[in-house]
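Written out below as structure tokens is the structure these notes cover.
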Amino acid sequence: MPVGYRITALLAAPMLAATIALASAPAASNAHRFAHWIDGTTQSEPKMQVQRYDADTFVIRQSVHTNFEAPFLYLLFGRDRALLLDTGAGGLAIRPTVDAVIARWLADHKRTSIPLVVAHSHGHGDHHQGDGEFVGRPYTVVVGLKPEAVASFFGVAHWPDDIATFDLGGRALSILPTPGHEPAHIMVYDPRTRLLFSGDMLYAGRLYVPVDQFPTFVASADRVVAFARTHPVAMLLGTHIEMTNVAGKDYPMEAATHPDEHPLELPASAITRLQAAVHGMAKSPAIASQGDFIVYPRPAKPAP
């Protein structure tokens, strides 16, 4: 078992106790399901932390000590394959942690292997720096970063208007194209858990939108709202935390520590609140706090 990371979950295995700190996840009825995340406030925190949402759903966080983005990654298992969403922001090796979680899952299911798909919430650099670690890994496919590659792999016939189904085997995920923050951005919905993995489009932080892509972002918000009308969402899990637990207060950009963080999860109501916010500023995008997230238009980058 590799050192330098922690699994926080109820894992009944004596061999793990020597190397991994164990704790029970909060009960489902609690307002916030996850235990305390590594937040940079102690120098001794591990480079990665894993929390188990259920037996087939794992949330991985990269320490802010390794990269100020401190992104979240998601590892989902089905009967036929596993899906890893994002590979981190660099500054450490993530494959040992991912392989350890897979090995544990295989042992629990008395199996020796499972194919792995490595995909991305979107193509920004803080979400794919670990891709190279998985190139050449047995039974592994790494999905490309461009909209064409994402659409081709998941079977999105008409990007970005169509929603694709990607079945892990008894776990049919919905792939929602949501460009705007970045051209290849997707959200992933899991009907089993009713979790919506919302990437960088909607999380407890600054939702960066290039101003020249604002209409595209608004259209994506509309599609997510329409989807949520017929697909119940328990909560949204994004890829960063940049808000404190004080409403409307975020951390300084590139903050080295995140004391008193907002929880990772956002309520389903954030979907309609985002839609209302971006429609309200569609003609004149401006920075606006919604309490647990901030719509943050930015100037478009000049063409190279």
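Chain labels A, B, ... are given in the sequence in which chains occur in the structure tokens; within each chain residues are numbered consecutively from 1, and ligands are likewise numbered from 1 in the order shown.
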
All strand (DSSP E or B) positions in stretch 36-277 of chain A, as a short mmCIF file (atom, residue, chain, number, x, y, z; two decimals) with C-alpha atoms, in the first residue's frame:
data_model
loop_
_atom_site.label_atom_id
_atom_site.label_comp_id
_atom_site.auth_asym_id
_atom_site.auth_seq_id
_atom_site.Cartn_x
_atom_site.Cartn_y
_atom_site.Cartn_z
CA MET A 48 -3.78 12.51 -1.43
CA GLN A 49 -6.90 11.60 0.51
CA VAL A 50 -9.55 9.08 -0.49
CA GLN A 51 -13.07 8.98 0.88
CA ARG A 52 -15.54 6.26 0.00
CA TYR A 53 -19.06 7.46 -0.77
CA ASP A 54 -20.31 3.90 -1.19
CA THR A 57 -17.80 5.33 -5.52
CA PHE A 58 -14.56 6.94 -4.35
CA VAL A 59 -13.62 10.60 -4.04
CA ILE A 60 -9.93 11.52 -4.16
CA ARG A 61 -8.45 14.88 -3.21
CA GLN A 62 -4.99 16.18 -4.07
CA PHE A 72 -10.96 16.42 -6.59
CA LEU A 73 -10.96 13.25 -8.70
CA TYR A 74 -13.67 10.60 -8.88
CA LEU A 75 -13.33 6.83 -9.31
CA LEU A 76 -16.56 4.96 -10.12
CA PHE A 77 -16.90 1.18 -10.46
CA ALA A 82 -14.25 1.59 -13.85
CA LEU A 83 -14.20 5.29 -14.69
CA LEU A 84 -11.62 7.73 -13.36
CA LEU A 85 -12.67 11.36 -13.81
CA LEU A 116 -10.24 1.35 -16.55
CA VAL A 117 -11.39 4.39 -18.52
CA VAL A 118 -9.54 7.62 -17.72
CA ALA A 119 -11.65 10.62 -18.73
CA THR A 140 -6.75 1.13 -19.69
CA VAL A 141 -8.06 3.75 -22.12
CA VAL A 142 -7.23 7.44 -21.77
CA ALA A 164 -24.93 10.08 -24.02
CA THR A 165 -25.20 6.97 -21.86
CA PHE A 166 -22.01 5.29 -20.70
CA ASP A 167 -22.65 1.98 -18.95
CA ALA A 172 -25.45 3.54 -16.69
CA LEU A 173 -24.03 7.04 -16.37
CA SER A 174 -25.34 10.06 -18.29
CA ILE A 175 -22.71 12.21 -20.01
CA LEU A 176 -23.86 15.84 -20.33
CA PRO A 177 -21.82 18.13 -22.60
CA ILE A 186 -18.88 17.56 -19.31
CA MET A 187 -20.96 16.73 -16.28
CA VAL A 188 -21.58 13.11 -15.33
CA TYR A 189 -24.80 11.92 -13.68
CA ASP A 190 -25.06 8.65 -11.79
CA LEU A 195 -24.87 12.32 -7.76
CA LEU A 196 -24.08 14.91 -10.41
CA PHE A 197 -20.34 15.27 -10.93
CA SER A 198 -20.31 18.89 -12.00
CA GLY A 199 -16.65 19.60 -12.79
CA ALA A 204 -18.10 25.77 -4.13
CA ARG A 206 -15.20 30.81 -8.46
CA LEU A 207 -16.92 29.67 -11.65
CA TYR A 208 -14.63 31.11 -14.31
CA VAL A 209 -16.31 31.86 -17.63
CA PRO A 210 -14.52 33.51 -20.57
CA MET A 235 -26.13 16.65 -4.55
CA LEU A 236 -23.46 18.06 -6.83
CA LEU A 237 -19.81 17.15 -6.44
CA GLY A 238 -17.41 19.51 -8.19
CA ILE A 241 -13.34 24.05 -3.05
CA MET A 243 -15.22 29.02 -0.65
CA THR A 244 -14.94 29.27 3.10
CA ASP A 250 -13.74 32.82 -0.91
CA GLU A 261 -13.65 25.17 4.01
CA GLU A 265 -21.05 19.07 -1.98
CA LEU A 266 -23.59 21.59 -3.24
#

Looking only at helix (DSSP H, G or I) from DSSP on the backbone, list the matching residues of stretch 130-276 of chain A as a VMD selection string. chain A and resid 131 to 134 147 to 154 211 to 230 269 to 276

Distance in Å - atom CA of A:Asp292 versus atom CA of A:Gln213: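 Value for the atom CA of A:Asp292-atom CA of A:Gln213 distance: 22.7 Å.
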
Could you check which of A:Ala256, A:Ile114, A:Val156, A:Leu264 is closest to A:Tyr139, using only C-alpha atoms? A:Ile114

Name the residues in contact with stretch 219-221 of chain A at a cut-off of 12 Å, using only C-alpha atoms, excluding same-chain residues fewer than 4 positions from it; report them as a PyMOL selection string. chain A and resi 159-163+176-187+198+201-202+209+213-215+225-228+270-279+282

Generate a file of the selected residues that holds N, CA and C atoms, formatted as an mmCIF file, in the first residue's frame.
data_model
loop_
_atom_site.group_PDB
_atom_site.id
_atom_site.type_symbol
_atom_site.label_atom_id
_atom_site.label_comp_id
_atom_site.auth_asym_id
_atom_site.auth_seq_id
_atom_site.Cartn_x
_atom_site.Cartn_y
_atom_site.Cartn_z
ATOM 1 N N TRP A 159 -22.857 17.177 -30.506
ATOM 2 C CA TRP A 159 -22.279 17.971 -29.424
ATOM 3 C C TRP A 159 -22.687 19.442 -29.602
ATOM 4 N N PRO A 160 -23.137 20.131 -28.559
ATOM 5 C CA PRO A 160 -23.267 19.679 -27.172
ATOM 6 C C PRO A 160 -24.701 19.358 -26.767
ATOM 7 N N ASP A 161 -25.607 19.201 -27.743
ATOM 8 C CA ASP A 161 -27.028 19.116 -27.414
ATOM 9 C C ASP A 161 -27.485 17.736 -26.971
ATOM 10 N N ASP A 162 -26.782 16.690 -27.373
ATOM 11 C CA ASP A 162 -27.202 15.340 -27.023
ATOM 12 C C ASP A 162 -26.569 14.898 -25.708
ATOM 13 N N ILE A 163 -27.267 14.009 -25.030
ATOM 14 C CA ILE A 163 -26.767 13.392 -23.799
ATOM 15 C C ILE A 163 -26.499 11.925 -24.097
ATOM 16 N N LEU A 176 -23.231 14.590 -19.906
ATOM 17 C CA LEU A 176 -23.855 15.836 -20.329
ATOM 18 C C LEU A 176 -22.780 16.809 -20.836
ATOM 19 N N PRO A 177 -22.740 17.093 -22.119
ATOM 20 C CA PRO A 177 -21.820 18.133 -22.603
ATOM 21 C C PRO A 177 -22.217 19.488 -22.018
ATOM 22 N N THR A 178 -21.261 20.175 -21.406
ATOM 23 C CA THR A 178 -21.542 21.469 -20.781
ATOM 24 C C THR A 178 -20.414 22.453 -21.071
ATOM 25 N N PRO A 179 -20.155 22.761 -22.345
ATOM 26 C CA PRO A 179 -19.089 23.711 -22.663
ATOM 27 C C PRO A 179 -19.433 25.116 -22.184
ATOM 28 N N GLY A 180 -18.411 25.935 -22.116
ATOM 29 C CA GLY A 180 -18.559 27.312 -21.664
ATOM 30 C C GLY A 180 -17.365 27.677 -20.813
ATOM 31 N N HIS A 181 -17.210 26.989 -19.695
ATOM 32 C CA HIS A 181 -15.981 27.146 -18.909
ATOM 33 C C HIS A 181 -14.786 26.707 -19.745
ATOM 34 N N GLU A 182 -14.990 25.631 -20.500
ATOM 35 C CA GLU A 182 -13.950 25.060 -21.377
ATOM 36 C C GLU A 182 -14.684 24.269 -22.447
ATOM 37 N N PRO A 183 -14.177 24.212 -23.695
ATOM 38 C CA PRO A 183 -14.961 23.620 -24.787
ATOM 39 C C PRO A 183 -15.354 22.163 -24.604
ATOM 40 N N ALA A 184 -14.529 21.365 -23.933
ATOM 41 C CA ALA A 184 -14.819 19.932 -23.806
ATOM 42 C C ALA A 184 -15.436 19.566 -22.460
ATOM 43 N N HIS A 185 -15.935 20.543 -21.715
ATOM 44 C CA HIS A 185 -16.457 20.287 -20.375
ATOM 45 C C HIS A 185 -17.666 19.368 -20.428
ATOM 46 N N ILE A 186 -17.718 18.434 -19.477
ATOM 47 C CA ILE A 186 -18.877 17.558 -19.308
ATOM 48 C C ILE A 186 -19.262 17.494 -17.833
ATOM 49 N N MET A 187 -20.510 17.196 -17.584
ATOM 50 C CA MET A 187 -20.963 16.732 -16.281
ATOM 51 C C MET A 187 -21.334 15.265 -16.432
ATOM 52 N N SER A 198 -20.057 17.643 -11.274
ATOM 53 C CA SER A 198 -20.305 18.890 -11.999
ATOM 54 C C SER A 198 -19.050 19.622 -12.441
ATOM 55 N N MET A 201 -17.822 23.619 -13.757
ATOM 56 C CA MET A 201 -18.947 24.478 -14.103
ATOM 57 C C MET A 201 -19.723 24.923 -12.874
ATOM 58 N N LEU A 202 -19.788 24.056 -11.845
ATOM 59 C CA LEU A 202 -20.574 24.389 -10.662
ATOM 60 C C LEU A 202 -19.975 23.674 -9.460
ATOM 61 N N VAL A 209 -15.676 31.949 -16.309
ATOM 62 C CA VAL A 209 -16.307 31.865 -17.629
ATOM 63 C C VAL A 209 -15.672 32.915 -18.540
ATOM 64 N N GLN A 213 -17.394 33.304 -24.187
ATOM 65 C CA GLN A 213 -18.091 32.021 -24.125
ATOM 66 C C GLN A 213 -19.314 32.075 -23.214
ATOM 67 N N PHE A 214 -19.672 33.276 -22.784
ATOM 68 C CA PHE A 214 -20.776 33.371 -21.823
ATOM 69 C C PHE A 214 -22.087 32.832 -22.385
ATOM 70 N N PRO A 215 -22.459 33.141 -23.639
ATOM 71 C CA PRO A 215 -23.696 32.542 -24.172
ATOM 72 C C PRO A 215 -23.643 31.008 -24.184
ATOM 73 N N VAL A 225 -30.373 22.320 -16.209
ATOM 74 C CA VAL A 225 -31.660 22.499 -15.534
ATOM 75 C C VAL A 225 -32.716 21.594 -16.160
ATOM 76 N N ALA A 226 -32.765 21.535 -17.482
ATOM 77 C CA ALA A 226 -33.740 20.676 -18.155
ATOM 78 C C ALA A 226 -33.507 19.211 -17.788
ATOM 79 N N PHE A 227 -32.254 18.795 -17.730
ATOM 80 C CA PHE A 227 -31.937 17.420 -17.358
ATOM 81 C C PHE A 227 -32.398 17.132 -15.939
ATOM 82 N N ALA A 228 -32.124 18.054 -15.017
ATOM 83 C CA ALA A 228 -32.446 17.824 -13.605
ATOM 84 C C ALA A 228 -33.948 17.760 -13.356
ATOM 85 N N ALA A 270 -28.577 24.505 -6.355
ATOM 86 C CA ALA A 270 -27.537 25.318 -6.985
ATOM 87 C C ALA A 270 -27.696 25.350 -8.502
ATOM 88 N N ILE A 271 -28.300 24.325 -9.073
ATOM 89 C CA ILE A 271 -28.459 24.246 -10.525
ATOM 90 C C ILE A 271 -29.349 25.387 -11.020
ATOM 91 N N THR A 272 -30.506 25.551 -10.401
ATOM 92 C CA THR A 272 -31.417 26.612 -10.838
ATOM 93 C C THR A 272 -30.905 27.983 -10.417
ATOM 94 N N ARG A 273 -30.182 28.066 -9.313
ATOM 95 C CA ARG A 273 -29.627 29.350 -8.903
ATOM 96 C C ARG A 273 -28.554 29.816 -9.886
ATOM 97 N N LEU A 274 -27.762 28.871 -10.375
ATOM 98 C CA LEU A 274 -26.770 29.234 -11.387
ATOM 99 C C LEU A 274 -27.459 29.719 -12.651
ATOM 100 N N GLN A 275 -28.476 29.001 -13.083
ATOM 101 C CA GLN A 275 -29.198 29.409 -14.291
ATOM 102 C C GLN A 275 -29.759 30.814 -14.146
ATOM 103 N N ALA A 276 -30.393 31.096 -13.018
ATOM 104 C CA ALA A 276 -30.969 32.420 -12.810
ATOM 105 C C ALA A 276 -29.885 33.494 -12.793
ATOM 106 N N ALA A 277 -28.751 33.185 -12.171
ATOM 107 C CA ALA A 277 -27.672 34.169 -12.067
ATOM 108 C C ALA A 277 -27.111 34.518 -13.433
ATOM 109 N N VAL A 278 -26.847 33.503 -14.250
ATOM 110 C CA VAL A 278 -26.217 33.795 -15.544
ATOM 111 C C VAL A 278 -27.202 34.411 -16.515
ATOM 112 N N HIS A 279 -28.467 34.050 -16.425
ATOM 113 C CA HIS A 279 -29.455 34.723 -17.268
ATOM 114 C C HIS A 279 -29.591 36.185 -16.866
ATOM 115 N N ALA A 282 -26.674 38.051 -18.506
ATOM 116 C CA ALA A 282 -26.294 37.593 -19.842
ATOM 117 C C ALA A 282 -25.830 38.727 -20.744
#

Pairwise distance for atom CA of A:His128 and atom CA of A:Asp86, rounded to one decimal in Å: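 Here the two named atoms are 5.7 Å from each other.
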